[in-house]
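Asks: This is input-v3.txt, which holds compact mmCIF, C-alpha atoms:
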# COMPACT_ATOMS: atom_id res chain seq x y z
CA MET L 156 -57.58 26.98 55.35
CA ARG L 157 -58.11 26.05 51.71
CA ASP L 158 -61.21 28.27 51.67
CA LYS L 159 -59.30 31.18 53.17
CA ASN L 160 -56.61 30.87 50.50
CA LYS L 161 -59.25 30.71 47.82
CA PHE L 162 -60.88 33.87 49.16
CA ILE L 163 -57.55 35.69 49.30
CA ASP L 164 -56.88 34.66 45.72
CA GLU L 165 -60.28 35.98 44.70
CA ILE L 166 -59.58 39.31 46.41
CA ILE L 167 -56.22 39.56 44.64
CA ASP L 168 -57.90 38.79 41.31
CA ALA L 169 -60.47 41.49 41.94
CA LYS L 170 -57.80 44.02 42.92
CA LEU L 171 -55.78 43.26 39.81
CA ARG L 172 -58.89 43.71 37.67
CA LYS L 173 -59.57 47.04 39.32
CA SER L 174 -55.98 48.22 39.01
CA SER L 175 -55.82 51.71 37.65
CA LEU L 176 -56.15 52.35 33.95
CA LYS L 177 -53.66 54.79 32.48
CA GLN L 178 -55.40 57.52 30.58
CA ALA L 179 -54.17 59.01 27.37
CA SER L 180 -54.02 62.80 27.25
CA GLY L 181 -57.13 64.82 26.38
CA ASP L 182 -56.12 65.65 22.81
CA PHE L 183 -54.94 62.12 22.04
CA THR L 184 -57.99 61.15 19.96
CA SER L 185 -58.22 64.41 17.98
CA HIS L 186 -54.51 64.37 17.22
CA LEU L 187 -54.69 60.72 16.19
CA MET L 188 -57.72 61.26 13.96
CA LYS L 189 -55.87 64.05 12.13
CA ARG L 190 -53.02 61.64 11.48
CA ILE L 191 -55.49 58.95 10.39
CA THR L 192 -57.04 61.34 7.86
CA ALA L 193 -53.59 62.12 6.45
CA GLU L 194 -52.72 58.42 6.45
CA ASN L 195 -55.92 57.63 4.59
CA LYS L 196 -55.08 60.20 1.91
CA ALA L 197 -51.61 58.69 1.50
CA LEU L 198 -53.16 55.23 1.34
CA MET L 199 -55.49 56.31 -1.47
CA GLU L 200 -52.59 57.82 -3.42
CA GLU L 201 -50.61 54.66 -2.89
CA LYS L 202 -53.45 52.48 -4.14
CA LYS L 203 -53.67 54.61 -7.27
CA SER L 204 -49.95 54.35 -7.99
CA ASP L 205 -50.04 50.61 -7.20
CA ARG L 206 -52.68 50.20 -9.88
CA VAL L 207 -50.44 52.01 -12.38
CA VAL L 208 -47.48 49.81 -11.42
CA LYS L 209 -49.65 46.71 -11.83
CA TYR L 210 -50.67 47.86 -15.32
CA ILE L 211 -47.03 48.47 -16.23
CA ILE L 212 -45.94 45.04 -15.00
CA GLY L 213 -48.94 43.43 -16.71
CA SER L 214 -48.18 45.16 -20.00
CA PHE L 215 -44.53 44.18 -19.74
CA SER L 216 -45.49 40.54 -19.14
CA PHE L 217 -47.88 40.65 -22.07
CA LEU L 218 -45.20 42.15 -24.31
CA MET L 219 -42.79 39.43 -23.23
CA LEU L 220 -45.34 36.79 -24.07
CA ALA L 221 -46.04 38.35 -27.46
CA PHE L 222 -42.32 38.75 -28.15
CA THR L 223 -41.65 35.08 -27.33
CA PHE L 224 -44.37 33.92 -29.70
CA ALA L 225 -43.21 36.33 -32.38
CA LEU L 226 -39.64 35.07 -31.96
CA GLY L 227 -40.86 31.51 -32.39
CA ILE L 228 -42.70 32.39 -35.59
CA ILE L 229 -39.75 34.39 -36.97
CA SER L 230 -37.28 31.58 -36.27
CA LYS L 231 -39.52 29.12 -38.09
CA THR L 232 -39.88 31.47 -41.06
CA ALA L 233 -36.14 32.16 -40.97
CA ALA L 234 -35.39 28.44 -41.12
CA VAL L 235 -37.56 28.12 -44.23
CA ASN L 236 -36.03 31.18 -45.93
CA THR L 237 -32.48 30.48 -44.80
CA GLU L 238 -31.08 30.18 -48.29
CA GLU L 239 -32.49 33.56 -49.33
CA SER L 240 -31.48 35.36 -46.16
CA THR L 241 -28.25 37.28 -45.99
CA GLY L 242 -26.80 40.28 -44.12
CA VAL L 243 -25.26 41.14 -40.72
CA ALA L 244 -28.56 41.79 -38.92
CA PHE L 245 -29.90 38.40 -39.88
CA ASP L 246 -26.71 36.63 -38.74
CA THR L 247 -26.88 38.34 -35.35
CA MET L 248 -30.49 37.29 -34.90
CA GLN L 249 -29.61 33.76 -35.93
CA ARG L 250 -26.77 33.63 -33.39
CA SER L 251 -28.89 34.99 -30.56
CA ASN L 252 -31.70 32.67 -31.57
CA THR L 253 -29.31 29.76 -31.30
CA TRP L 254 -28.26 30.79 -27.80
CA ILE L 255 -31.84 31.32 -26.64
CA GLU L 256 -32.93 28.13 -28.34
CA THR L 257 -30.20 26.07 -26.66
CA ALA L 258 -31.26 27.33 -23.24
CA PHE L 259 -34.91 26.95 -24.08
CA TYR L 260 -34.52 23.40 -25.42
CA TYR L 261 -32.55 22.47 -22.31
CA VAL L 262 -35.36 23.70 -20.01
CA GLN L 263 -37.97 22.17 -22.31
CA GLY L 264 -36.18 18.81 -22.27
CA PHE L 265 -35.85 18.90 -18.50
CA PHE L 266 -39.52 19.78 -18.12
CA ALA L 267 -40.57 17.00 -20.52
CA GLU L 268 -38.42 14.51 -18.57
CA ALA L 269 -39.92 15.66 -15.31
CA LEU L 270 -43.44 15.29 -16.70
CA SER L 271 -42.73 11.86 -18.13
CA PHE L 272 -41.48 10.83 -14.67
CA PHE L 273 -45.06 11.37 -13.50
CA GLY L 274 -46.41 9.57 -16.56
CA VAL L 275 -47.48 12.73 -18.42
CA SER L 276 -46.39 13.23 -21.99
CA LEU L 277 -47.09 16.49 -23.83
CA SER L 278 -46.14 17.72 -27.26
CA SER L 279 -43.23 20.18 -27.44
CA GLY L 280 -45.69 22.92 -28.49
CA SER L 281 -47.78 22.44 -25.33
CA ILE L 282 -44.66 22.41 -23.16
CA ASN L 283 -43.52 25.66 -24.78
CA VAL L 284 -46.83 27.30 -23.99
CA ILE L 285 -46.71 26.11 -20.38
CA LEU L 286 -43.12 27.29 -19.97
CA VAL L 287 -43.83 30.72 -21.40
CA VAL L 288 -46.92 31.12 -19.20
CA VAL L 289 -44.87 30.06 -16.14
CA LEU L 290 -42.15 32.54 -17.10
CA VAL L 291 -44.62 35.36 -17.47
CA ALA L 292 -46.28 34.49 -14.16
CA VAL L 293 -42.88 34.46 -12.44
CA VAL L 294 -41.99 37.84 -13.94
CA TYR L 295 -45.35 39.26 -12.89
CA PHE L 296 -45.28 37.99 -9.30
CA VAL L 297 -41.63 38.82 -8.72
CA GLY L 298 -42.24 42.31 -10.10
CA GLU L 299 -45.37 42.72 -7.99
CA ARG L 300 -43.61 41.48 -4.87
CA LEU L 301 -40.52 43.60 -5.33
CA ILE L 302 -42.24 46.79 -6.33
CA ILE L 303 -45.63 46.84 -4.67
CA ARG L 304 -44.93 44.94 -1.47
CA GLY L 305 -41.61 46.74 -1.10
CA LYS L 306 -43.43 50.02 -1.33
CA MET L 307 -46.05 48.89 1.15
CA LYS L 308 -43.39 47.86 3.63
CA GLN L 309 -41.79 51.26 3.28
CA SER L 310 -45.02 53.03 3.93
CA MET L 311 -45.69 50.86 6.99
CA GLN L 312 -42.77 52.68 8.62
CA VAL L 313 -45.17 55.17 10.12
CA LYS L 314 -44.01 58.76 10.16
CA MET X 68 -65.33 39.43 17.26
CA ASN X 69 -68.56 41.14 18.29
CA ASP X 70 -71.02 42.42 15.70
CA LEU X 71 -70.55 46.07 16.62
CA GLU X 72 -66.80 45.90 16.01
CA LEU X 73 -67.32 43.99 12.79
CA ASN X 74 -69.77 46.65 11.68
CA ILE X 75 -67.30 49.44 12.47
CA ILE X 76 -64.51 47.64 10.62
CA ARG X 77 -66.68 47.18 7.53
CA LYS X 78 -67.64 50.86 7.58
CA ILE X 79 -63.97 51.86 7.75
CA GLN X 80 -63.22 49.56 4.83
CA ALA X 81 -66.03 51.25 2.93
CA GLY X 82 -64.25 54.58 3.39
CA LYS X 83 -65.96 55.95 6.52
CA ILE X 84 -62.75 56.64 8.36
CA ASP X 85 -64.44 58.69 11.10
CA GLU X 86 -65.75 55.39 12.45
CA PHE X 87 -62.22 54.61 13.56
CA GLU X 88 -62.73 57.10 16.38
CA GLU X 89 -65.12 54.61 17.99
CA ILE X 90 -62.35 52.03 18.09
CA VAL X 91 -59.93 54.60 19.53
CA THR X 92 -62.38 55.59 22.25
CA ARG X 93 -63.07 51.98 23.09
CA TYR X 94 -59.50 50.80 23.37
CA LYS X 95 -57.23 53.75 24.09
CA ASP X 96 -57.14 53.56 27.90
CA LYS X 97 -56.67 49.81 28.13
CA ALA X 98 -54.04 49.96 25.40
CA MET X 99 -52.39 52.93 27.12
CA THR X 100 -52.13 50.86 30.30
CA LEU X 101 -50.41 48.10 28.36
CA ALA X 102 -47.99 50.50 26.66
CA MET X 103 -47.23 52.15 30.00
CA ARG X 104 -46.37 48.79 31.56
CA ILE X 105 -43.67 48.42 28.94
CA LEU X 106 -42.45 51.96 28.46
CA LYS X 107 -43.01 53.36 31.99
CA ASN X 108 -43.40 56.85 30.59
CA SER X 109 -46.64 58.41 29.45
CA GLU X 110 -45.11 60.46 26.63
CA ASP X 111 -43.41 57.44 25.05
CA ALA X 112 -46.49 55.31 25.67
CA GLU X 113 -48.69 57.82 23.85
CA ASP X 114 -46.29 57.99 20.91
CA ALA X 115 -46.16 54.20 20.66
CA LEU X 116 -49.93 54.04 20.96
CA GLN X 117 -50.46 56.55 18.15
CA GLU X 118 -48.20 54.44 15.97
CA ALA X 119 -50.06 51.27 16.96
CA PHE X 120 -53.44 52.82 16.11
CA ILE X 121 -52.17 53.96 12.71
CA LYS X 122 -50.82 50.47 11.95
CA THR X 123 -54.19 49.05 12.97
CA PHE X 124 -56.01 51.50 10.73
CA ARG X 125 -53.82 50.52 7.77
CA ALA X 126 -54.41 46.84 8.47
CA ILE X 127 -58.16 47.40 8.48
CA ALA X 128 -58.18 49.66 5.41
CA ASP X 129 -55.91 47.29 3.47
CA LYS X 130 -58.06 44.34 4.58
CA GLN X 131 -55.03 42.65 6.10
CA PHE X 132 -56.99 42.06 9.28
CA GLU X 133 -58.83 38.78 8.97
CA GLU X 134 -62.29 38.97 10.40
CA ARG X 135 -62.16 35.47 11.82
CA SER X 136 -59.62 36.50 14.46
CA LYS X 137 -60.57 38.47 17.54
CA PHE X 138 -60.00 42.17 16.99
CA SER X 139 -58.86 42.91 20.54
CA THR X 140 -56.18 40.19 20.41
CA TYR X 141 -55.00 41.46 17.04
CA PHE X 142 -54.92 45.06 18.24
CA TYR X 143 -53.15 44.37 21.54
CA ARG X 144 -50.52 42.38 19.66
CA ILE X 145 -49.83 45.47 17.54
CA VAL X 146 -49.70 47.64 20.68
CA TYR X 147 -47.34 45.21 22.39
CA ASN X 148 -45.01 44.85 19.39
CA THR X 149 -44.95 48.58 18.72
CA SER X 150 -44.17 49.33 22.37
CA ILE X 151 -41.38 46.75 22.39
CA ASP X 152 -39.93 48.23 19.18
CA PHE X 153 -40.20 51.68 20.70
CA TYR X 154 -38.46 50.48 23.85
CA LYS X 155 -35.63 48.86 21.91
CA LYS X 156 -35.20 51.93 19.77
CA HIS X 157 -35.22 54.44 22.57
CA LYS X 158 -34.22 52.69 25.75
CA ALA X 159 -31.92 50.11 27.30
CA LYS X 160 -31.14 46.89 25.49
CA ASN X 161 -31.45 44.50 28.43
CA PHE X 162 -35.21 44.52 28.20
CA ASN X 163 -37.13 41.59 29.63
CA LEU X 164 -34.13 39.75 30.99
CA ILE X 165 -34.75 40.51 34.61
CA ASN X 166 -36.50 38.26 37.03
CA ILE X 167 -39.28 39.18 39.40
CA ASP X 168 -36.84 38.76 42.29
CA ASP X 169 -34.01 40.73 40.74
CA THR X 170 -32.89 44.26 41.31
CA ARG X 171 -33.60 46.71 38.53
CA ARG X 172 -33.22 50.39 37.86
CA ASN X 173 -35.62 52.89 36.37
CA ASP X 174 -34.75 55.66 33.87
CA ASP X 175 -33.28 57.82 36.61
CA GLY X 176 -30.99 55.00 37.76
CA GLU X 177 -33.03 54.47 40.91
CA VAL X 178 -33.21 50.91 42.27
CA THR X 179 -36.76 49.68 41.90
CA ASP X 180 -36.72 46.03 42.86
CA ILE X 181 -39.48 44.36 44.76
CA THR X 182 -37.60 44.70 48.04
CA ALA X 183 -37.29 48.43 47.50
CA PHE X 184 -40.98 48.53 46.72
CA GLU X 185 -41.78 46.70 49.93
CA MET X 186 -39.53 49.06 51.86
CA LYS X 187 -41.33 52.01 50.37
CA ILE X 188 -44.59 50.58 51.62
CA ASP X 189 -43.05 50.01 55.05
CA THR X 190 -41.61 53.45 55.50
CA GLY X 191 -43.83 55.71 53.51
CA ASN X 192 -47.33 55.83 52.38
CA TYR X 193 -48.81 52.80 54.03
CA GLN X 194 -48.98 53.17 57.80
CA ILE X 195 -49.85 49.75 59.14
CA SER X 196 -50.93 51.11 62.50
CA SER X 197 -53.50 53.34 60.87
CA ILE X 198 -54.85 50.45 58.85
CA TYR X 199 -56.09 48.82 62.03
CA GLN X 200 -58.29 51.79 62.67
CA ALA X 201 -59.25 52.31 59.08
CA ASP X 202 -62.74 51.50 57.95
CA ARG X 203 -63.43 48.95 55.25
CA SER X 204 -63.38 51.36 52.32
CA THR X 205 -60.13 52.99 53.40
CA LEU X 206 -58.59 49.57 53.76
CA ASP X 207 -59.94 48.65 50.36
CA ASN X 208 -58.41 51.78 48.79
CA GLN X 209 -55.10 51.32 50.53
CA MET X 210 -54.87 47.74 49.39
CA GLN X 211 -55.74 48.80 45.86
CA ASP X 212 -52.88 51.33 46.03
CA VAL X 213 -50.51 48.56 47.07
CA VAL X 214 -51.64 46.46 44.08
CA ASN X 215 -51.29 49.43 41.69
CA GLY X 216 -47.84 50.17 43.08
CA PHE X 217 -46.86 46.52 42.75
CA LEU X 218 -47.85 46.53 39.06
CA GLU X 219 -45.76 49.66 38.51
CA GLU X 220 -42.68 48.18 40.09
CA ILE X 221 -42.46 44.59 38.95
CA PRO X 222 -40.49 43.70 35.79
CA GLU X 223 -42.28 44.25 32.48
CA LYS X 224 -42.47 40.59 31.64
CA TYR X 225 -44.79 40.06 34.61
CA SER X 226 -46.71 43.33 34.60
CA THR X 227 -47.42 43.03 30.86
CA ILE X 228 -48.90 39.58 31.26
CA LEU X 229 -50.96 40.61 34.29
CA THR X 230 -52.25 43.64 32.35
CA LEU X 231 -53.12 41.56 29.30
CA PHE X 232 -54.96 39.07 31.51
CA TYR X 233 -56.73 41.32 34.00
CA ILE X 234 -57.14 44.63 32.15
CA ASN X 235 -57.19 43.71 28.48
CA ASP X 236 -59.23 40.56 29.18
CA LEU X 237 -57.15 38.23 27.03
CA SER X 238 -57.21 34.51 27.75
CA HIS X 239 -54.06 32.53 28.52
CA ASP X 240 -54.01 31.24 24.95
CA GLU X 241 -54.43 34.71 23.48
CA ILE X 242 -51.61 36.07 25.65
CA ALA X 243 -49.36 33.20 24.55
CA GLU X 244 -50.22 34.02 20.94
CA THR X 245 -49.71 37.76 21.42
CA LEU X 246 -46.37 37.48 23.21
CA LYS X 247 -45.25 34.41 21.25
CA LEU X 248 -44.60 32.54 24.47
CA PRO X 249 -45.42 28.96 25.42
CA LEU X 250 -48.73 28.63 27.24
CA GLY X 251 -46.95 27.16 30.27
CA THR X 252 -44.71 30.23 30.57
CA VAL X 253 -47.73 32.54 30.50
CA LYS X 254 -49.50 30.57 33.23
CA ASN X 255 -46.32 30.32 35.26
CA ARG X 256 -45.66 34.07 35.11
CA ILE X 257 -49.20 34.90 36.16
CA PHE X 258 -48.93 32.43 39.01
CA ARG X 259 -45.54 33.74 40.16
CA ALA X 260 -46.57 37.38 39.96
CA LYS X 261 -49.78 36.71 41.88
CA ASP X 262 -47.86 34.70 44.42
CA LYS X 263 -45.44 37.56 44.92
CA LEU X 264 -48.32 40.02 45.26
CA LYS X 265 -49.92 37.78 47.83
CA GLU X 266 -46.64 37.69 49.73
CA VAL X 267 -46.43 41.49 49.65
CA LEU X 268 -50.02 41.87 50.84
CA MET X 269 -49.65 39.27 53.59
CA LYS X 270 -46.65 41.18 54.92
CA LYS X 271 -48.64 44.37 55.14
CA TYR X 272 -52.01 43.11 56.25
CA SER X 273 -53.26 40.37 58.45
CA GLU X 274 -55.28 37.56 56.95
CA THR X 275 -58.35 38.83 58.79
CA GLU X 276 -57.96 42.30 57.26
CA ILE X 277 -57.68 40.90 53.77
CA LEU X 278 -60.65 38.63 54.26
CA GLU X 279 -62.67 41.59 55.50
CA LEU X 280 -62.82 42.75 51.90
CA ILE X 281 -64.89 39.83 50.70
Show the structure stored in the file as structure tokens.
Replies:
Amino acid sequence: MRDKNKFIDEIIDAKLRKSSLKQASGDFTSHLMKRITAENKALMEEKKSDRVVKYIIGSFSFLMLAFTFALGIISKTAAVNTEESTGVAFDTMQRSNTWIETAFYYVQGFFAEALSFFGVSLSSGSINVILVVVLVAVVYFVGERLIIRGKMKQSMQVK
Amino acid sequence: MNDLELNIIRKIQAGKIDEFEEIVTRYKDKAMTLAMRILKNSEDAEDALQEAFIKTFRAIADKQFEERSKFSTYFYRIVYNTSIDFYKKHKAKNFNLINIDDTRRNDDGEVTDITAFEMKIDTGNYQISSIYQADRSTLDNQMQDVVNGFLEEIPEKYSTILTLFYINDLSHDEIAETLKLPLGTVKNRIFRAKDKLKEVLMKKYSETEILELI
């Protein structure tokens, strides 16, 4: 009885394996390959424009980095020349520097505390460098994710 | 993944897009069978399949496909997901909720439950009396027709798994991964569907007739 059941199961397995394949229409492959060629062209274009976007984001990050360092140098120089400096433009820069500095010192202090919690102590200069590099990396990756991946997702919606 | 497929994939990544035709030729019929199980309409199935092939091409060209995974599993997952999306977009929303024993309707509103399928076999195409006189090959063909008809009529959640297992040659684990179902559910559905098929066959044919086909 057990053997009979086993044989019937085997026959059912064989029948299921032999069950009819559905065939795509005759022009399926040629039509698809035309679409693939067009898709490949679009993909190439997209890669080119992605490269341009990457350069733009990279340049922007670099500019930000340079600007931050320049700002640091200017604020130091400004502190030295404070007695000689006058004028509206200088006051505005001083005020905005103060606001940026407050925020920056807060983050710097927090970061230094966090590092000291793990027994690491760094000079404020080193912390500044790390923070700026982290900031630039964040800007780069967020930009890359939002722009490039967003675009890729859009293009995955196949026409 | 076999070496030939790996070779084709590398050629595509190197810009030889014509090589993709080899993949299309290799997989289109098996993938079409899977899409048909879900969409039950050759036009929709072909559209979904075209979309699935294009997604696969992009994945290969963009190197999103990781070579350590099996290409067929990866590809059938795309076919399955695309067909499901297509179904949801274009057809009824109560997809996959029905049981193998439940009544269901096709696009034309016709009842197509298992009982109706069995009745169709009783009254129509499959004359039991003639089977007794039929030779072995006729019996074999008739039984194959019953199995094909059974696969057409059962709910998608069973026919898809049976197709993935028997036609697309995926293992239980690969099916579970493709359909995002627990392994136990996959095994259970295969078992239940086969059990039901056995029941259908045993109603139509005697044990001796079935065993004649060994």
Asks: Quick one: pull the distance between CA of Val91 in chain X and CA of Tyr225 in chain X, Å, one decimal.
Replies: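 Atom-to-atom, CA of Val91 in chain X and CA of Tyr225 in chain X are spaced 25.8 Å apart.
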Asks: Quick one: which chain L residues come within 6 Å of chain X, and what is the nearest atom pair for each with the distance in Å to one decimal, counting only C-alpha atoms, rows ordered by chain and ascending number, as CSV?
Replies:
residue,atom,partner,partner_atom,distance
L:Lys170,CA,X:Gln211,CA,6.0
L:Arg172,CA,X:Tyr233,CA,4.9
L:Ser174,CA,X:Asn215,CA,5.5
L:Leu176,CA,X:Thr100,CA,5.6
L:Lys177,CA,X:Thr100,CA,4.7
L:Gln178,CA,X:Asp96,CA,5.1
Asks: Do you know which residues are at most 9 Å from Leu198 in chain L counting only C-alpha atoms, after dropping those on the same chain fewer than 2 positions away, and could you put them as a list of chain:residue names?
Replies: L:Ala193, L:Glu194, L:Asn195, L:Lys196, L:Glu200, L:Glu201, L:Lys202, L:Lys203, L:Ser310, X:Arg125, X:Ala128, X:Asp129
Asks: Rounded to one decimal in Å, what is the spacing between CA of Gly264 in chain L and CA of Ile282 in chain L?
Replies: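 Going from CA of Gly264 in chain L over to CA of Ile282 in chain L covers 9.3 Å.
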Asks: Calculate how many Å separate CA of Val146 in chain X from CA of Ile105 in chain X, rounding to one decimal.
Replies: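 Interatomic distance, CA of Val146 in chain X to CA of Ile105 in chain X: 10.3 Å.
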Asks: Between X:Gln80, X:Ala115, X:Thr149, X:His157, which residue has the minimum interatomic distance to Lys130 in chain X, considering only C-alpha atoms?
Replies: X:Gln80
